[in-house]
file start_13.tsv (TSV, C-alpha atoms)
chain	number	residue	atom	x	y	z
X	181	MET	CA	0.00	0.00	0.00
X	182	ASN	CA	1.11	3.59	-0.60
X	183	LEU	CA	-0.24	7.12	-0.83
X	184	GLY	CA	0.45	7.42	-4.52
X	185	VAL	CA	3.61	9.43	-3.79
X	186	VAL	CA	7.02	7.97	-4.57
X	187	PHE	CA	9.85	9.51	-2.55
X	188	VAL	CA	13.41	8.94	-3.76
X	189	ALA	CA	15.77	7.69	-1.06
X	190	ILE	CA	18.11	10.65	-0.53
X	191	ASP	CA	19.94	11.58	2.65
X	192	LEU	CA	17.86	14.07	4.66
X	193	ASP	CA	20.76	16.50	5.05
X	194	ALA	CA	21.24	16.53	1.28
X	195	GLN	CA	17.52	17.20	0.81
X	196	ILE	CA	17.61	20.12	3.22
X	197	TYR	CA	20.71	21.54	1.53
X	198	ALA	CA	19.00	21.34	-1.87
X	199	ALA	CA	15.93	23.10	-0.48
X	200	LEU	CA	17.92	25.89	1.18
X	201	GLU	CA	19.82	26.51	-2.04
X	202	GLN	CA	16.48	27.69	-3.42
X	203	TYR	CA	16.36	30.41	-0.74
X	204	PHE	CA	20.02	31.42	-0.33
X	205	ASP	CA	22.62	31.26	-3.09
X	206	ASP	CA	25.81	31.38	-1.03
X	207	GLY	CA	25.49	28.30	1.20
X	208	LYS	CA	26.14	30.37	4.35
X	209	TRP	CA	23.48	28.91	6.60
X	210	ASN	CA	23.41	26.68	9.64
X	211	VAL	CA	20.82	24.00	10.35
X	212	ASP	CA	19.80	22.74	13.78
X	213	ALA	CA	17.55	19.69	14.23
X	214	ASN	CA	16.59	20.68	17.82
X	215	GLU	CA	13.02	19.34	17.68
X	216	SER	CA	10.47	18.02	15.20
X	217	GLY	CA	6.72	17.61	15.04
X	218	VAL	CA	4.67	14.43	14.99
X	219	ASN	CA	3.42	14.77	11.42
X	220	ASN	CA	6.25	16.66	9.71
X	221	THR	CA	10.01	17.17	9.92
X	222	THR	CA	11.16	20.52	11.34
X	223	ARG	CA	14.58	22.17	11.15
X	224	PHE	CA	15.79	25.50	12.53
X	225	VAL	CA	17.86	27.56	10.10
X	226	SER	CA	20.08	30.55	10.80
X	227	TYR	CA	21.37	32.82	8.05
X	228	GLY	CA	23.40	35.81	9.13
X	229	ASN	CA	21.38	37.59	11.82
X	230	TYR	CA	18.13	35.97	10.73
X	231	LYS	CA	16.45	32.79	11.97
X	232	PHE	CA	13.93	30.61	10.16
X	233	VAL	CA	12.02	27.37	10.61
X	234	MET	CA	11.87	24.82	7.80
X	235	ARG	CA	8.96	22.41	7.63
X	236	ILE	CA	9.22	19.30	5.45
X	237	TYR	CA	5.80	17.82	4.79
X	238	GLU	CA	5.66	14.09	5.52
X	239	ASN	CA	1.89	13.51	5.35
X	240	HIS	CA	1.51	14.45	1.70
X	241	ALA	CA	3.09	15.98	-1.43
X	242	ASP	CA	-0.05	17.87	-2.45
X	243	LEU	CA	0.54	21.44	-3.59
X	244	ASP	CA	-3.20	22.21	-3.39
X	245	LYS	CA	-3.08	21.57	0.35
X	246	VAL	CA	-0.07	23.84	0.72
X	247	ARG	CA	-1.73	26.57	-1.37
X	248	PHE	CA	-4.83	26.44	0.83
X	249	GLU	CA	-2.73	26.73	4.00
X	250	TYR	CA	-0.74	29.63	2.56
X	251	SER	CA	-3.91	31.47	1.53
X	252	ILE	CA	-5.32	31.14	5.04
X	253	LEU	CA	-2.11	32.52	6.55
X	254	GLN	CA	-2.15	35.46	4.13
X	255	LYS	CA	-5.71	36.37	5.08
X	256	LEU	CA	-5.09	35.97	8.79
X	257	GLN	CA	-2.10	38.31	8.64
X	258	LEU	CA	-4.66	41.06	8.00
X	259	SER	CA	-6.65	40.17	11.11
X	260	LYS	CA	-5.85	41.96	14.35
X	261	LEU	CA	-4.90	38.86	16.31
X	262	PRO	CA	-3.26	39.35	19.72
X	263	PHE	CA	-0.50	36.87	18.77
X	264	GLN	CA	1.64	36.01	15.76
X	265	ILE	CA	1.06	33.32	13.15
X	266	PRO	CA	3.56	31.71	10.74
X	267	LYS	CA	4.89	33.81	7.84
X	268	PRO	CA	6.25	31.85	4.85
X	269	VAL	CA	9.41	33.18	3.19
X	270	ARG	CA	9.53	33.44	-0.59
X	271	ALA	CA	12.23	31.44	-2.37
X	272	LEU	CA	14.57	32.96	-4.97
X	273	ASN	CA	12.11	32.02	-7.71
X	274	GLY	CA	9.30	33.91	-5.97
X	275	GLU	CA	7.45	30.82	-4.74
X	276	TYR	CA	6.54	30.34	-1.07
X	277	TYR	CA	7.50	26.64	-1.12
X	278	THR	CA	10.22	24.42	-2.56
X	279	LEU	CA	10.19	20.92	-4.01
X	280	MET	CA	12.94	18.73	-2.62
X	281	PRO	CA	14.83	16.14	-4.74
X	282	THR	CA	12.65	13.44	-3.17
X	283	GLY	CA	9.44	15.13	-4.32
X	284	LYS	CA	8.59	16.28	-0.81
X	285	ILE	CA	7.39	19.84	-0.23
X	286	SER	CA	9.17	22.17	2.16
X	287	ILE	CA	8.39	25.69	3.36
X	288	LEU	CA	10.66	28.14	5.15
X	289	PHE	CA	8.93	30.28	7.78
X	290	GLU	CA	10.15	33.31	9.67
X	291	TYR	CA	11.22	32.36	13.18
X	292	LEU	CA	8.72	33.32	15.88
X	293	GLU	CA	9.94	34.09	19.39
X	294	GLY	CA	8.59	32.18	22.36
X	295	THR	CA	8.73	28.88	24.19
X	296	ARG	CA	6.33	25.96	23.87
X	297	ALA	CA	3.24	26.27	26.04
X	298	VAL	CA	3.17	24.03	29.10
X	299	LEU	CA	-0.01	22.00	29.36
X	300	THR	CA	0.23	21.78	33.15
X	301	ASP	CA	0.52	25.57	33.57
X	302	LYS	CA	-2.91	26.97	34.45
X	303	GLY	CA	-1.96	30.44	33.21
X	304	HIS	CA	-0.82	29.05	29.87
X	305	VAL	CA	-4.01	27.04	29.50
X	306	THR	CA	-6.17	30.08	30.24
X	307	SER	CA	-4.23	32.10	27.67
X	308	ILE	CA	-4.55	29.30	25.12
X	309	GLY	CA	-8.30	29.30	25.63
X	310	SER	CA	-8.48	33.05	25.05
X	311	ALA	CA	-6.16	32.87	22.02
X	312	MET	CA	-8.14	30.00	20.52
X	313	GLY	CA	-11.36	31.95	20.90
X	314	ALA	CA	-9.79	34.96	19.15
X	315	LEU	CA	-8.55	32.73	16.32
X	316	VAL	CA	-11.89	30.97	15.89
X	317	THR	CA	-13.61	34.36	15.78
X	318	ALA	CA	-11.17	35.63	13.13
X	319	LEU	CA	-11.42	32.46	11.01
X	320	ALA	CA	-15.19	32.89	10.81
X	321	TYR	CA	-14.61	35.85	8.47
X	322	ILE	CA	-11.96	34.22	6.26
X	323	ASN	CA	-12.80	33.13	2.71
X	324	VAL	CA	-9.93	32.22	0.38
X	325	GLY	CA	-11.94	31.09	-2.64
X	326	LEU	CA	-10.14	27.74	-2.83
X	327	GLU	CA	-11.36	24.21	-2.27
X	328	ALA	CA	-10.56	23.05	1.25
X	329	ALA	CA	-7.61	20.72	1.57
X	330	TYR	CA	-9.14	18.47	4.26
X	331	GLU	CA	-12.58	17.15	5.10
X	332	PRO	CA	-14.36	17.77	8.44
X	333	TYR	CA	-13.50	15.56	11.40
X	334	TYR	CA	-16.76	13.65	11.13
X	335	ASP	CA	-15.96	12.47	7.58
X	336	LEU	CA	-14.18	9.47	9.04
X	337	TYR	CA	-13.48	7.72	5.75
X	338	GLU	CA	-11.77	10.79	4.29
X	339	ILE	CA	-9.22	11.14	7.09
X	340	HIS	CA	-6.56	9.03	5.38
X	341	PRO	CA	-6.63	7.67	1.81
X	342	LEU	CA	-5.58	4.21	2.97
X	343	VAL	CA	-8.24	3.88	5.68
X	344	THR	CA	-11.39	3.21	3.70
X	345	ARG	CA	-14.65	2.03	5.25
X	346	GLU	CA	-13.87	-1.54	4.21
X	347	LYS	CA	-10.28	-1.50	5.46
X	348	LEU	CA	-11.26	0.07	8.78
X	349	THR	CA	-13.97	-2.57	9.27
X	350	GLU	CA	-11.44	-5.33	8.53
X	351	TRP	CA	-8.94	-3.84	10.97
X	352	LEU	CA	-11.51	-3.52	13.75
X	353	LEU	CA	-12.53	-7.15	13.27
X	354	SER	CA	-8.90	-8.30	13.32
X	355	MET	CA	-8.24	-6.32	16.50
X	356	GLN	CA	-11.22	-7.97	18.15
X	357	GLU	CA	-9.42	-11.29	17.82
X	358	GLY	CA	-6.45	-10.19	19.91
X	359	GLN	CA	-5.55	-8.42	23.15
X	360	TYR	CA	-7.33	-5.24	22.03
X	361	LYS	CA	-10.71	-6.91	21.69
X	362	LYS	CA	-12.59	-4.69	24.18
X	363	GLU	CA	-10.95	-1.50	22.94
X	364	ALA	CA	-11.71	-2.29	19.29
X	365	MET	CA	-15.33	-3.17	20.07
X	366	LEU	CA	-15.75	0.11	21.95
X	367	LEU	CA	-14.22	2.07	19.07
X	368	GLU	CA	-16.55	0.37	16.61
X	369	THR	CA	-19.55	1.19	18.82
X	370	GLU	CA	-18.63	4.87	19.08
X	371	ILE	CA	-17.99	5.14	15.34
X	372	ASN	CA	-21.51	3.81	14.74
X	373	ASN	CA	-22.94	6.20	17.34
X	374	LEU	CA	-21.25	9.09	15.58
X	375	LEU	CA	-22.49	8.08	12.15
X	376	ASN	CA	-26.02	7.68	13.50
X	377	ASN	CA	-25.88	11.20	14.96
X	378	LEU	CA	-24.36	12.92	11.92
X	379	SER	CA	-27.57	14.61	10.85
X	380	ASN	CA	-27.72	16.40	14.21
X	381	LEU	CA	-24.03	17.34	14.21
X	382	LYS	CA	-24.32	18.84	10.75
X	383	GLN	CA	-26.86	21.35	12.10
X	384	LEU	CA	-24.19	22.94	14.30
X	385	PRO	CA	-22.38	26.16	13.22
X	386	VAL	CA	-19.69	25.53	10.59
X	387	GLN	CA	-16.68	27.69	9.73
X	388	LEU	CA	-12.92	27.43	9.18
X	389	VAL	CA	-11.17	25.93	12.21
X	390	HIS	CA	-7.51	25.30	13.04
X	391	SER	CA	-8.19	21.56	13.67
X	392	ASP	CA	-4.96	20.88	15.61
X	393	LEU	CA	-4.61	23.64	18.18
X	394	VAL	CA	-2.81	21.78	20.96
X	395	ALA	CA	-0.16	22.98	23.40
X	396	SER	CA	2.75	21.91	21.17
X	397	ASN	CA	1.45	24.28	18.48
X	398	VAL	CA	1.45	27.29	20.81
X	399	LEU	CA	4.33	29.57	21.82
X	400	THR	CA	4.27	31.74	24.94
X	401	LYS	CA	6.14	34.77	26.27
X	402	GLU	CA	5.68	35.99	29.84
X	403	ASP	CA	2.85	33.48	30.37
X	404	GLU	CA	0.81	34.81	27.42
X	405	VAL	CA	0.35	33.18	24.02
X	406	SER	CA	2.80	34.83	21.61
X	407	ALA	CA	2.19	32.67	18.55
X	408	VAL	CA	-0.06	29.92	17.20
X	409	LEU	CA	1.63	27.51	14.78
X	410	ASP	CA	0.89	24.75	12.26
X	411	PHE	CA	-2.09	25.72	10.10
X	412	GLU	CA	-1.71	22.68	7.85
X	413	PHE	CA	-5.07	21.18	8.81
X	414	VAL	CA	-7.27	24.31	8.67
X	415	THR	CA	-10.58	23.38	7.05
X	416	PRO	CA	-14.32	24.13	7.25
X	417	ASP	CA	-15.67	22.13	10.17
X	418	LEU	CA	-17.90	22.41	13.21
X	419	ARG	CA	-17.05	25.62	15.08
X	420	ALA	CA	-16.85	23.75	18.39
X	421	MET	CA	-14.23	21.33	17.08
X	422	ASP	CA	-11.19	23.39	18.08
X	423	ALA	CA	-12.36	23.53	21.69
X	424	ALA	CA	-13.05	19.79	21.60
X	425	VAL	CA	-9.53	19.09	20.30
X	426	PHE	CA	-7.84	20.95	23.16
X	427	ILE	CA	-10.11	19.51	25.84
X	428	ASN	CA	-9.30	16.08	24.44
X	429	GLU	CA	-5.59	16.79	24.94
X	430	LEU	CA	-6.17	17.87	28.54
X	431	ILE	CA	-8.08	14.65	29.23
X	432	ARG	CA	-5.48	12.44	27.54
X	433	TYR	CA	-2.54	13.81	29.50
X	434	HIS	CA	-3.97	15.36	32.67
X	435	SER	CA	-7.39	13.85	33.28
X	436	ASP	CA	-7.10	14.50	37.04
X	437	ARG	CA	-6.49	18.26	36.63
X	438	TRP	CA	-10.02	19.65	36.51
X	439	GLU	CA	-8.70	23.15	37.22
X	440	LEU	CA	-6.91	23.11	33.83
X	441	LEU	CA	-10.11	22.24	32.02
X	442	GLU	CA	-11.97	24.99	33.86
X	443	ALA	CA	-9.20	27.50	33.05
X	444	PHE	CA	-9.32	26.67	29.34
X	445	ILE	CA	-13.11	26.95	29.05
X	446	LYS	CA	-13.17	30.25	30.96
X	447	GLY	CA	-10.40	31.61	28.73
X	448	TYR	CA	-12.18	30.52	25.56
X	449	ALA	CA	-15.46	32.07	26.72
X	450	GLU	CA	-13.73	35.47	26.99
X	451	THR	CA	-13.24	35.73	23.22
X	452	ALA	CA	-15.64	33.27	21.54
X	453	ASP	CA	-18.98	31.60	21.95
X	454	LEU	CA	-20.57	28.16	22.00
X	455	ASN	CA	-24.33	27.84	21.79
X	456	THR	CA	-26.49	25.37	23.68
X	457	ALA	CA	-26.51	22.77	20.88
X	458	GLU	CA	-22.72	22.95	20.55
X	459	ILE	CA	-22.24	22.46	24.27
X	460	LYS	CA	-24.57	19.47	24.25
X	461	ALA	CA	-22.55	17.93	21.40
X	462	LEU	CA	-19.17	18.66	23.02
X	463	PRO	CA	-18.67	15.25	24.73
X	464	GLN	CA	-19.16	13.46	21.41
X	465	LEU	CA	-16.85	15.92	19.63
X	466	ILE	CA	-14.16	15.38	22.27
X	467	LEU	CA	-14.42	11.65	21.66
X	468	LEU	CA	-14.42	12.25	17.89
X	469	ARG	CA	-10.93	13.74	18.19
X	470	SER	CA	-9.70	10.44	19.68
X	471	ILE	CA	-11.45	8.42	16.97
X	472	VAL	CA	-9.78	10.54	14.28
X	473	LEU	CA	-6.35	10.16	15.91
X	474	CYS	CA	-6.76	6.38	15.80
X	475	ILE	CA	-7.62	6.48	12.10
X	476	HIS	CA	-4.97	9.07	11.18
X	477	PHE	CA	-2.10	7.17	12.78
X	478	LEU	CA	-3.41	3.85	11.53
X	479	GLY	CA	-3.14	5.31	8.02
X	480	ARG	CA	0.40	6.54	8.69
X	481	GLN	CA	1.28	3.06	9.94
X	482	TRP	CA	-0.11	1.40	6.81
X	483	ALA	CA	1.70	3.94	4.64
X	484	GLY	CA	5.00	2.93	6.23
X	485	ILE	CA	5.57	6.37	7.79
X	486	ASP	CA	5.17	5.04	11.33
X	487	PRO	CA	6.31	1.64	12.67
X	488	PRO	CA	3.91	-1.33	13.03
X	489	ASN	CA	1.47	-1.15	15.96
X	490	ASP	CA	2.12	2.57	16.39
X	491	SER	CA	-1.64	3.19	16.34
X	492	GLU	CA	-2.24	1.10	19.48
X	493	PRO	CA	-1.35	3.88	21.96
X	494	TYR	CA	-4.08	5.99	20.34
X	495	LEU	CA	-6.54	3.16	20.85
X	496	ASP	CA	-5.59	3.11	24.54
X	497	SER	CA	-5.99	6.88	24.63
X	498	PHE	CA	-9.44	6.63	23.04
X	499	VAL	CA	-10.56	4.30	25.82
X	500	LYS	CA	-9.17	6.66	28.47
X	501	VAL	CA	-11.06	9.63	27.01
X	502	HIS	CA	-14.24	7.55	26.70
X	503	LYS	CA	-14.05	6.56	30.37
X	504	TRP	CA	-13.43	10.16	31.46
X	505	ILE	CA	-16.42	11.43	29.50
X	506	SER	CA	-18.64	8.70	30.96
X	507	LEU	CA	-17.70	9.87	34.46
X	508	ASN	CA	-17.60	13.64	33.91
X	509	GLN	CA	-20.04	14.46	31.12
X	510	GLU	CA	-22.62	16.15	33.33
X	511	ARG	CA	-19.97	18.21	35.13
X	512	ILE	CA	-18.33	19.55	31.96
X	513	LEU	CA	-21.69	20.40	30.42
X	514	LYS	CA	-22.75	22.40	33.49
X	515	LEU	CA	-19.43	24.28	33.44
X	516	CYS	CA	-19.88	25.16	29.77
X	517	TYR	CA	-23.50	26.26	30.17
X	518	LEU	CA	-22.35	28.55	32.99
X	519	CYS	CA	-19.28	30.00	31.21
X	520	PHE	CA	-21.07	30.60	27.91
X	521	GLU	CA	-24.22	31.85	29.67
X	522	GLN	CA	-26.44	29.30	27.98
X	523	GLU	CA	-29.55	27.65	29.38
X	524	VAL	CA	-29.08	24.08	30.53
X	525	SER	CA	-30.18	21.67	27.81
X	526	GLU	CA	-32.47	18.84	28.74
call {"tool": "encode", "arguments": {"input": "start_13.tsv", "output": "structure tokens"}}
result
Amino acid sequence: MNLGVVFVAIDLDAQIYAALEQYFDDGKWNVDANESGVNNTTRFVSYGNYKFVMRIYENHADLDKVRFEYSILQKLQLSKLPFQIPKPVRALNGEYYTLMPTGKISILFEYLEGTRAVLTDKGHVTSIGSAMGALVTALAYINVGLEAAYEPYYDLYEIHPLVTREKLTEWLLSMQEGQYKKEAMLLETEINNLLNNLSNLKQLPVQLVHSDLVASNVLTKEDEVSAVLDFEFVTPDLRAMDAAVFINELIRYHSDRWELLEAFIKGYAETADLNTAEIKALPQLILLRSIVLCIHFLGRQWAGIDPPNDSEPYLDSFVKVHKWISLNQERILKLCYLCFEQEVSE
């Protein structure tokens, strides 16, 4: 199986060198690996007194997806956001991306100051909530006139080209024959519940959303959000989905820290809104994030990007989130109704 993209086996350093030659013609740059994201390869580049960040796309080699992301960033630069967003640098040929010898796409961004947000820091989480609300509000007014690069979260069989309905069904059945029997059965049940409730979900407000606004995609300075990163997955989706994504992360890593969840929701409510129907749907949307992570990383595993069985931790995580929601659904709904000044839904 493959994604229809053939990448030539070339040393990564040689690829990066070839890409940077398309930005600087004298070879006087330095590259630092430092850190890298889950989905893409990241390198930090210094050139004279300037610093940049290079992203090498590993999920795809689709220029339409890159064009959509770039158009969103261009439009958002005109919005009066209280934080910075990535700014692509034009190559010597005037393009805002480069094609590497392997066929992979890379983009060089201006370096943004700040340190990664800390998910256990209540002040950071409050600021993330407020920043997310401001971003969601700004994205509601963005229209780039291009076809969206990704489908909404609830389009489960469009998440990864290798994970079709048939293949996912086969995988779930195979997992039910091994040590992950209970987990796979629960995942199958919740997928069916979601599909049965789609008509109701599709009545909720829809707009452009970030889709992956987690702590690792946020920079902070002096305890305030200074930048929001990684707009690769921006797409029209349910407005409440960004909030659901971050709450999901809090549950996955710090399920016992209710004060963090409360801080995030209060911060978000300062700059954005959720209506009664959105709040009622929030538990299912939080769980949807975990379902999508299972499918996304299963696809990466089948594509050979990730090692075998790399999707199993996400299956464990799905079960953890499901259990938390079962125990805390009423409490989180009451908190949201209060913070967003909505009447309690029956």
call {"tool": "closest_residue", "arguments": {"input": "start_13.tsv", "among": "X:Leu279, X:Leu399, X:Leu478, X:Ala457", "to": "Tyr291 (chain X)", "atoms": "all atoms listed in the file"}}
result
X:Leu399
call {"tool": "residues_around", "arguments": {"input": "start_13.tsv", "residues": "Phe498 (chain X)", "least_positions_apart": "6", "cutoff": "8 Å", "atoms": "only C-alpha atoms", "output": "PyMOL selection string"}}
result
chain X and resi 367+467+470-471+474
call {"tool": "write_last_selection", "arguments": {"input": "start_13.tsv", "atoms": "C-alpha atoms", "output": "PDB file, in the frame of the given file"}}
result
ATOM      1  CA  LEU X 367     -14.220   2.070  19.070  1.00  0.00           C
ATOM      2  CA  LEU X 467     -14.420  11.650  21.660  1.00  0.00           C
ATOM      3  CA  SER X 470      -9.700  10.440  19.680  1.00  0.00           C
ATOM      4  CA  ILE X 471     -11.450   8.420  16.970  1.00  0.00           C
ATOM      5  CA  CYS X 474      -6.760   6.380  15.800  1.00  0.00           C
TER       6      CYS X 474
END
call {"tool": "closest_residue", "arguments": {"input": "start_13.tsv", "among": "X:Val211, X:Val298, X:Ala407, X:Met421", "to": "Pro266 (chain X)", "atoms": "only C-alpha atoms"}}
result
X:Ala407
call {"tool": "residues_around", "arguments": {"input": "start_13.tsv", "residues": "Ile466 (chain X)", "least_positions_apart": "6", "cutoff": "10 Å", "atoms": "only C-alpha atoms", "output": "PyMOL selection string"}}
result
chain X and resi 420-429+431+498+501-502+505
call {"tool": "write_last_selection", "arguments": {"input": "start_13.tsv", "atoms": "C-alpha atoms", "output": "compact mmCIF listing (two decimals), keeping the file's coordinate frame"}}
result
# COMPACT_ATOMS: atom_id res chain seq x y z
CA ALA X 420 -16.85 23.75 18.39
CA MET X 421 -14.23 21.33 17.08
CA ASP X 422 -11.19 23.39 18.08
CA ALA X 423 -12.36 23.53 21.69
CA ALA X 424 -13.05 19.79 21.60
CA VAL X 425 -9.53 19.09 20.30
CA PHE X 426 -7.84 20.95 23.16
CA ILE X 427 -10.11 19.51 25.84
CA ASN X 428 -9.30 16.08 24.44
CA GLU X 429 -5.59 16.79 24.94
CA ILE X 431 -8.08 14.65 29.23
CA PHE X 498 -9.44 6.63 23.04
CA VAL X 501 -11.06 9.63 27.01
CA HIS X 502 -14.24 7.55 26.70
CA ILE X 505 -16.42 11.43 29.50
call {"tool": "closest_residue", "arguments": {"input": "start_13.tsv", "among": "X:Tyr227, X:Trp209, X:Phe477, X:Tyr203", "to": "Thr278 (chain X)", "atoms": "all atoms listed in the file"}}
result
X:Tyr203
call {"tool": "decode", "arguments": {"input": "start_13.tsv", "residues": "region 242-270 of chain X", "atoms": "N, CA and C atoms", "output": "PDB file, in the first residue's frame"}}
result
ATOM      1  N   ASP X 242       1.077  17.269  -1.737  1.00  0.00           N
ATOM      2  CA  ASP X 242      -0.053  17.868  -2.447  1.00  0.00           C
ATOM      3  C   ASP X 242       0.053  19.390  -2.402  1.00  0.00           C
ATOM      4  N   LEU X 243       0.382  19.984  -3.544  1.00  0.00           N
ATOM      5  CA  LEU X 243       0.539  21.436  -3.587  1.00  0.00           C
ATOM      6  C   LEU X 243      -0.776  22.172  -3.332  1.00  0.00           C
ATOM      7  N   ASP X 244      -1.910  21.558  -3.667  1.00  0.00           N
ATOM      8  CA  ASP X 244      -3.197  22.206  -3.394  1.00  0.00           C
ATOM      9  C   ASP X 244      -3.397  22.406  -1.896  1.00  0.00           C
ATOM     10  N   LYS X 245      -2.962  21.435  -1.104  1.00  0.00           N
ATOM     11  CA  LYS X 245      -3.081  21.566   0.351  1.00  0.00           C
ATOM     12  C   LYS X 245      -2.188  22.689   0.872  1.00  0.00           C
ATOM     13  N   VAL X 246      -0.999  22.789   0.310  1.00  0.00           N
ATOM     14  CA  VAL X 246      -0.074  23.843   0.724  1.00  0.00           C
ATOM     15  C   VAL X 246      -0.603  25.213   0.303  1.00  0.00           C
ATOM     16  N   ARG X 247      -1.175  25.297  -0.892  1.00  0.00           N
ATOM     17  CA  ARG X 247      -1.735  26.569  -1.366  1.00  0.00           C
ATOM     18  C   ARG X 247      -2.883  27.031  -0.475  1.00  0.00           C
ATOM     19  N   PHE X 248      -3.711  26.086  -0.041  1.00  0.00           N
ATOM     20  CA  PHE X 248      -4.828  26.438   0.833  1.00  0.00           C
ATOM     21  C   PHE X 248      -4.299  26.976   2.162  1.00  0.00           C
ATOM     22  N   GLU X 249      -3.328  26.288   2.732  1.00  0.00           N
ATOM     23  CA  GLU X 249      -2.734  26.729   4.000  1.00  0.00           C
ATOM     24  C   GLU X 249      -2.132  28.119   3.854  1.00  0.00           C
ATOM     25  N   TYR X 250      -1.382  28.337   2.777  1.00  0.00           N
ATOM     26  CA  TYR X 250      -0.736  29.629   2.556  1.00  0.00           C
ATOM     27  C   TYR X 250      -1.771  30.746   2.416  1.00  0.00           C
ATOM     28  N   SER X 251      -2.861  30.471   1.722  1.00  0.00           N
ATOM     29  CA  SER X 251      -3.908  31.473   1.527  1.00  0.00           C
ATOM     30  C   SER X 251      -4.557  31.855   2.850  1.00  0.00           C
ATOM     31  N   ILE X 252      -4.762  30.868   3.713  1.00  0.00           N
ATOM     32  CA  ILE X 252      -5.324  31.136   5.039  1.00  0.00           C
ATOM     33  C   ILE X 252      -4.383  32.040   5.832  1.00  0.00           C
ATOM     34  N   LEU X 253      -3.095  31.725   5.814  1.00  0.00           N
ATOM     35  CA  LEU X 253      -2.115  32.516   6.551  1.00  0.00           C
ATOM     36  C   LEU X 253      -2.063  33.953   6.038  1.00  0.00           C
ATOM     37  N   GLN X 254      -2.137  34.116   4.716  1.00  0.00           N
ATOM     38  CA  GLN X 254      -2.148  35.459   4.132  1.00  0.00           C
ATOM     39  C   GLN X 254      -3.327  36.284   4.640  1.00  0.00           C
ATOM     40  N   LYS X 255      -4.503  35.672   4.630  1.00  0.00           N
ATOM     41  CA  LYS X 255      -5.715  36.370   5.075  1.00  0.00           C
ATOM     42  C   LYS X 255      -5.641  36.701   6.567  1.00  0.00           C
ATOM     43  N   LEU X 256      -5.146  35.759   7.348  1.00  0.00           N
ATOM     44  CA  LEU X 256      -5.088  35.974   8.794  1.00  0.00           C
ATOM     45  C   LEU X 256      -4.087  37.048   9.180  1.00  0.00           C
ATOM     46  N   GLN X 257      -3.061  37.254   8.343  1.00  0.00           N
ATOM     47  CA  GLN X 257      -2.096  38.307   8.644  1.00  0.00           C
ATOM     48  C   GLN X 257      -2.783  39.670   8.701  1.00  0.00           C
ATOM     49  N   LEU X 258      -3.922  39.795   8.022  1.00  0.00           N
ATOM     50  CA  LEU X 258      -4.657  41.065   8.004  1.00  0.00           C
ATOM     51  C   LEU X 258      -5.584  41.215   9.209  1.00  0.00           C
ATOM     52  N   SER X 259      -5.805  40.121   9.918  1.00  0.00           N
ATOM     53  CA  SER X 259      -6.651  40.173  11.115  1.00  0.00           C
ATOM     54  C   SER X 259      -5.852  40.726  12.289  1.00  0.00           C
ATOM     55  N   LYS X 260      -6.530  41.381  13.195  1.00  0.00           N
ATOM     56  CA  LYS X 260      -5.850  41.964  14.350  1.00  0.00           C
ATOM     57  C   LYS X 260      -5.803  40.962  15.502  1.00  0.00           C
ATOM     58  N   LEU X 261      -5.035  39.890  15.289  1.00  0.00           N
ATOM     59  CA  LEU X 261      -4.901  38.863  16.314  1.00  0.00           C
ATOM     60  C   LEU X 261      -3.915  39.318  17.391  1.00  0.00           C
ATOM     61  N   PRO X 262      -4.159  38.934  18.629  1.00  0.00           N
ATOM     62  CA  PRO X 262      -3.261  39.349  19.717  1.00  0.00           C
ATOM     63  C   PRO X 262      -2.004  38.487  19.821  1.00  0.00           C
ATOM     64  N   PHE X 263      -1.686  37.734  18.800  1.00  0.00           N
ATOM     65  CA  PHE X 263      -0.505  36.873  18.767  1.00  0.00           C
ATOM     66  C   PHE X 263      -0.059  36.737  17.316  1.00  0.00           C
ATOM     67  N   GLN X 264       1.118  36.186  17.107  1.00  0.00           N
ATOM     68  CA  GLN X 264       1.638  36.009  15.762  1.00  0.00           C
ATOM     69  C   GLN X 264       1.241  34.657  15.181  1.00  0.00           C
ATOM     70  N   ILE X 265       1.279  34.583  13.849  1.00  0.00           N
ATOM     71  CA  ILE X 265       1.058  33.324  13.150  1.00  0.00           C
ATOM     72  C   ILE X 265       2.196  33.155  12.149  1.00  0.00           C
ATOM     73  N   PRO X 266       2.416  31.950  11.635  1.00  0.00           N
ATOM     74  CA  PRO X 266       3.555  31.711  10.738  1.00  0.00           C
ATOM     75  C   PRO X 266       3.526  32.579   9.481  1.00  0.00           C
ATOM     76  N   LYS X 267       4.736  33.013   9.056  1.00  0.00           N
ATOM     77  CA  LYS X 267       4.892  33.810   7.839  1.00  0.00           C
ATOM     78  C   LYS X 267       5.857  33.091   6.896  1.00  0.00           C
ATOM     79  N   PRO X 268       5.355  32.515   5.809  1.00  0.00           N
ATOM     80  CA  PRO X 268       6.247  31.848   4.846  1.00  0.00           C
ATOM     81  C   PRO X 268       7.185  32.843   4.168  1.00  0.00           C
ATOM     82  N   VAL X 269       8.393  32.375   3.871  1.00  0.00           N
ATOM     83  CA  VAL X 269       9.409  33.179   3.193  1.00  0.00           C
ATOM     84  C   VAL X 269       9.437  32.781   1.723  1.00  0.00           C
ATOM     85  N   ARG X 270       9.487  33.755   0.840  1.00  0.00           N
ATOM     86  CA  ARG X 270       9.532  33.440  -0.586  1.00  0.00           C
ATOM     87  C   ARG X 270      10.931  32.967  -0.989  1.00  0.00           C
TER      88      ARG X 270
END
